[in-house]
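Engineer: Just dropping this structure here.
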Amino acid sequence: MAYVQWSRRFELGVPFIDADHKVLVGLLNRMNDAARTDGDLTDVGGILSALVDYTRYHFAREERAQASAGYPDIDEHREQHARLAIEARRLFEAYRNDPGAIEVGDLLDFLSDWLMDHILLHDMAIKPYLLANLEAVSAAEGVDFATLMNDGRKRAIDWTKLSVLAVEDSRPFAHVLRAILEVIGIKTVSVVEEAEEGLRLAQEHPYDLIFADWRMGGMDGLEFVHAVRGKGIAAPVVMLTGYVDESLEAAREGFQISEWLQKPVTSAELMACIARHVQVRQTA
Ligand SMILES: [Fe+2]
Ligand SMILES: [Fe+2]
């Protein structure tokens, strides 16, 4: 049973806004799954980070739609968004500083209450304006997630040409990784929960970059990277891990790992990491 059940009463009738709201509800449900099924809180942090980033993106799209539709109360709505975004960011930072200090149940209740209230009360108020100006409103679909997360600076990377594989055995976090890699605009996104399946895909497809979880049941991240190299696959492999220390960093080359990336990872960190390794390959 989903934590928040999507229903038609949430629908505005503007496809990209409804799609965004569904993604946000999906992220809340995945956070609930992670909190219930996994003793490791790192995934909850990663999902919270994705929620913060996706909310920022959604608010930018929705505000642009309101401006195009000439919604008269846009300033008040913007203020609402700004307050929610600041609070969500504060929760993520608090979580990142001390994961144990936050009660996940309270966090979920708070996030779902504000999201549902905001959609049902405030977003519904803009519905008639948006529906009366659907063509103008559709321009807001063009907000670029990757540029927005890079503080408005467009990177010299064509995300639509990249292919990325991620091997992550936590189902909730795998779902979220896929959502983020897709909204970045990456053309080919493969996310699998089993390392054996990842190895098979890596042999079939020349991925530009591979993310692998360090701690997995069955074949773990290190065994996976060794198997990948054993098959002669040279793609950069970035290892996602809850903790990076100097000894791990010193062993990076020996492990044939391009980089350790510490969880919970933000979308901006994920993109910066991809950009580092794809550029290395392009100039090699
Ligand atoms: Fe909204
Ligand atoms: Fe809104």
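Each chain of the structure tokens is named A, B, ... in the order shown, its residues numbered from 1; ligands are numbered from 1 in display order.
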Counting only C-alpha atoms and all ligand atoms, what are the residues of chain A within 12 Å of ligand 1, and for each of them which pair of atoms is the nearest and at what distance in Å, to one decimal? Sort the table by chain and rising number, as CSV.
Structural biologist:
```
residue,atom,partner,partner_atom_place_in_ligand_line,distance
A:Phe10,CA,ligand 1,1 (Fe),9.8
A:Glu11,CA,ligand 1,1 (Fe),10.2
A:Leu12,CA,ligand 1,1 (Fe),9.4
A:Val14,CA,ligand 1,1 (Fe),10.8
A:Pro15,CA,ligand 1,1 (Fe),11.9
A:Phe16,CA,ligand 1,1 (Fe),10.2
A:Ile17,CA,ligand 1,1 (Fe),6.6
A:Asp18,CA,ligand 1,1 (Fe),8.1
A:Ala19,CA,ligand 1,1 (Fe),10.0
A:Asp20,CA,ligand 1,1 (Fe),7.5
A:His21,CA,ligand 1,1 (Fe),6.2
A:Lys22,CA,ligand 1,1 (Fe),10.0
A:Val23,CA,ligand 1,1 (Fe),10.9
A:Leu24,CA,ligand 1,1 (Fe),9.2
A:Val25,CA,ligand 1,1 (Fe),11.0
A:Tyr54,CA,ligand 1,1 (Fe),10.9
A:Thr55,CA,ligand 1,1 (Fe),8.3
A:Arg56,CA,ligand 1,1 (Fe),10.2
A:Tyr57,CA,ligand 1,1 (Fe),10.2
A:His58,CA,ligand 1,1 (Fe),6.6
A:Phe59,CA,ligand 1,1 (Fe),6.4
A:Ala60,CA,ligand 1,1 (Fe),9.6
A:Arg61,CA,ligand 1,1 (Fe),8.8
A:Glu62,CA,ligand 1,1 (Fe),6.3
A:Glu63,CA,ligand 1,1 (Fe),9.0
A:Arg64,CA,ligand 1,1 (Fe),11.6
A:Ala65,CA,ligand 1,1 (Fe),10.6
A:Gln66,CA,ligand 1,1 (Fe),10.8
A:His77,CA,ligand 1,1 (Fe),9.9
A:Arg78,CA,ligand 1,1 (Fe),10.8
A:Gln80,CA,ligand 1,1 (Fe),10.6
A:His81,CA,ligand 1,1 (Fe),8.6
A:Leu84,CA,ligand 1,1 (Fe),11.1
A:Ala85,CA,ligand 1,1 (Fe),11.8
A:Trp114,CA,ligand 1,1 (Fe),10.8
A:Leu115,CA,ligand 1,1 (Fe),8.0
A:Met116,CA,ligand 1,1 (Fe),9.3
A:Asp117,CA,ligand 1,1 (Fe),10.1
A:His118,CA,ligand 1,1 (Fe),7.0
A:Ile119,CA,ligand 1,1 (Fe),5.5
A:Leu120,CA,ligand 1,1 (Fe),9.2
A:Leu121,CA,ligand 1,1 (Fe),10.2
A:His122,CA,ligand 1,1 (Fe),8.1
A:Asp123,CA,ligand 1,1 (Fe),5.6
A:Met124,CA,ligand 1,1 (Fe),8.9
A:Ala125,CA,ligand 1,1 (Fe),10.8
A:Ile126,CA,ligand 1,1 (Fe),9.8
A:Lys127,CA,ligand 1,1 (Fe),10.5
```
Engineer: Quick one: everything within 8 Å of stretch 154-171 of chain A, counting only C-alpha atoms, minus sequence neighbours fewer than 4 positions away in the same chain. Send it as a VMD selection string.
Structural biologist: chain A and resid 34 43 146 to 147 150 175 177 184 to 195 198 202 206 to 213 216 to 217 275
Engineer: With N, CA and C atoms retained, export the selected residues as a compact mmCIF listing (two decimals), in the first residue's frame.
Structural biologist:
```
# COMPACT_ATOMS: atom_id res chain seq x y z
N ALA A 34 11.81 3.02 1.71
CA ALA A 34 13.19 2.93 2.20
C ALA A 34 13.22 2.91 3.73
N ASP A 43 19.75 5.71 2.20
CA ASP A 43 18.83 5.81 1.07
C ASP A 43 17.75 6.85 1.32
N ALA A 146 18.96 20.16 -15.71
CA ALA A 146 20.42 20.12 -15.54
C ALA A 146 20.98 21.54 -15.35
N THR A 147 20.48 22.49 -16.12
CA THR A 147 20.96 23.87 -16.01
C THR A 147 20.49 24.49 -14.70
N ASN A 150 22.52 23.46 -11.88
CA ASN A 150 23.89 23.99 -11.96
C ASN A 150 23.85 25.52 -11.81
N HIS A 175 14.93 3.31 -7.87
CA HIS A 175 13.82 4.03 -8.52
C HIS A 175 14.15 5.53 -8.61
N LEU A 177 17.18 6.98 -8.37
CA LEU A 177 18.33 7.20 -9.27
C LEU A 177 17.85 7.30 -10.72
N ILE A 184 17.55 14.56 -15.82
CA ILE A 184 18.75 15.27 -16.31
C ILE A 184 18.71 15.33 -17.84
N GLY A 185 18.09 14.34 -18.44
CA GLY A 185 17.97 14.33 -19.91
C GLY A 185 18.87 13.30 -20.57
N ILE A 186 19.46 12.39 -19.75
CA ILE A 186 20.35 11.36 -20.30
C ILE A 186 19.54 10.41 -21.19
N LYS A 187 20.09 10.14 -22.36
CA LYS A 187 19.31 9.41 -23.37
C LYS A 187 19.04 7.96 -22.95
N THR A 188 20.12 7.27 -22.58
CA THR A 188 19.94 5.87 -22.21
C THR A 188 20.23 5.71 -20.72
N VAL A 189 19.23 5.34 -19.98
CA VAL A 189 19.38 5.13 -18.54
C VAL A 189 18.99 3.69 -18.25
N SER A 190 19.94 2.92 -17.73
CA SER A 190 19.63 1.55 -17.31
C SER A 190 19.91 1.47 -15.81
N VAL A 191 18.91 1.09 -15.05
CA VAL A 191 19.11 0.93 -13.61
C VAL A 191 18.67 -0.48 -13.25
N VAL A 192 19.59 -1.23 -12.66
CA VAL A 192 19.26 -2.61 -12.29
C VAL A 192 19.60 -2.84 -10.82
N GLU A 193 18.91 -3.81 -10.23
CA GLU A 193 19.11 -4.07 -8.80
C GLU A 193 20.11 -5.19 -8.55
N GLU A 194 20.43 -5.95 -9.60
CA GLU A 194 21.37 -7.06 -9.40
C GLU A 194 22.64 -6.87 -10.21
N ALA A 195 23.78 -7.08 -9.56
CA ALA A 195 25.08 -6.86 -10.21
C ALA A 195 25.25 -7.76 -11.43
N GLY A 198 23.65 -6.17 -14.23
CA GLY A 198 24.46 -5.02 -14.65
C GLY A 198 25.64 -5.44 -15.51
N ALA A 202 26.38 -4.34 -19.29
CA ALA A 202 27.63 -3.64 -19.59
C ALA A 202 28.38 -4.30 -20.75
N PRO A 206 27.82 -0.15 -24.86
CA PRO A 206 28.98 0.67 -24.47
C PRO A 206 28.58 1.90 -23.65
N TYR A 207 28.34 1.71 -22.36
CA TYR A 207 27.92 2.83 -21.50
C TYR A 207 29.04 3.85 -21.36
N ASP A 208 28.65 5.13 -21.26
CA ASP A 208 29.66 6.18 -21.02
C ASP A 208 30.13 6.17 -19.57
N LEU A 209 29.26 5.72 -18.69
CA LEU A 209 29.62 5.70 -17.28
C LEU A 209 28.75 4.69 -16.53
N ILE A 210 29.36 4.08 -15.51
CA ILE A 210 28.62 3.09 -14.71
C ILE A 210 28.68 3.51 -13.24
N PHE A 211 27.53 3.59 -12.60
CA PHE A 211 27.48 3.78 -11.15
C PHE A 211 27.23 2.41 -10.51
N ALA A 212 27.92 2.15 -9.43
CA ALA A 212 27.66 0.90 -8.72
C ALA A 212 27.61 1.16 -7.22
N ASP A 213 26.69 0.50 -6.56
CA ASP A 213 26.61 0.59 -5.11
C ASP A 213 27.73 -0.28 -4.51
N MET A 216 26.31 -4.37 -1.67
CA MET A 216 25.13 -5.02 -2.25
C MET A 216 25.12 -6.47 -1.80
N GLY A 217 23.91 -7.02 -1.72
CA GLY A 217 23.80 -8.46 -1.44
C GLY A 217 24.28 -9.22 -2.67
N ALA A 275 30.01 14.66 -15.45
CA ALA A 275 30.74 15.61 -16.31
C ALA A 275 32.25 15.40 -16.21
```
Engineer: To one decimal place in Å, what is the distance between atom CA of A:Leu261 and atom CA of A:Asp151?
Structural biologist: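 Straight-line distance from atom CA of A:Leu261 to atom CA of A:Asp151 works out to 20.9 Å.
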Engineer: Which residue gives the smallest distance to ligand 2 among A:Leu199, A:Leu27, A:Ala82, A:Leu91, with only C-alpha atoms and all ligand atoms counted?
Structural biologist: A:Ala82
Engineer: Check the smallest atom-to-atom distance from each of A:Ile74, A:Ala227, A:Ala69, A:Leu41 to ligand 2 using only C-alpha atoms and all ligand atoms, then report the winner.
Structural biologist: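 Residue with the minimum atom-to-atom distance to ligand 2: A:Ile74.
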Engineer: What's the 9 Å shell around A:Leu248, counting only C-alpha atoms, without same-chain residues fewer than 4 positions away, as a list in words?
Structural biologist: Val244, Arg252 and Trp260 of chain A
Engineer: What would the file look like if the residues just selected were written as a PDB file, in the first residue's frame with N, CA and C atoms?
Structural biologist:
```pdb
ATOM      1  N   VAL A 244      33.370   7.578   2.778  1.00  0.00           N
ATOM      2  CA  VAL A 244      34.654   7.551   2.069  1.00  0.00           C
ATOM      3  C   VAL A 244      35.732   8.022   3.034  1.00  0.00           C
ATOM      4  N   ARG A 252      41.766   3.544  -4.541  1.00  0.00           N
ATOM      5  CA  ARG A 252      40.866   3.749  -5.686  1.00  0.00           C
ATOM      6  C   ARG A 252      41.434   3.146  -6.982  1.00  0.00           C
ATOM      7  N   TRP A 260      35.002   7.581  -5.843  1.00  0.00           N
ATOM      8  CA  TRP A 260      34.031   7.232  -4.807  1.00  0.00           C
ATOM      9  C   TRP A 260      33.075   8.402  -4.703  1.00  0.00           C
TER      10      TRP A 260
END
```
Engineer: Which value, in Å to one decimal, gives the distance between atom CA of A:Arg200 and atom CA of A:Met271?
Structural biologist: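 Value for the atom CA of A:Arg200-atom CA of A:Met271 distance: 24.9 Å.
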Engineer: Per DSSP on the backbone, what are the alpha helix (DSSP H) residues of stretch 91-283 of chain A, as an MDAnalysis selection string?
Structural biologist: chainID A and resid 91:97 104:117 124:132 134:137 145:149 171:184 195:204 221:230 246:250 267:283
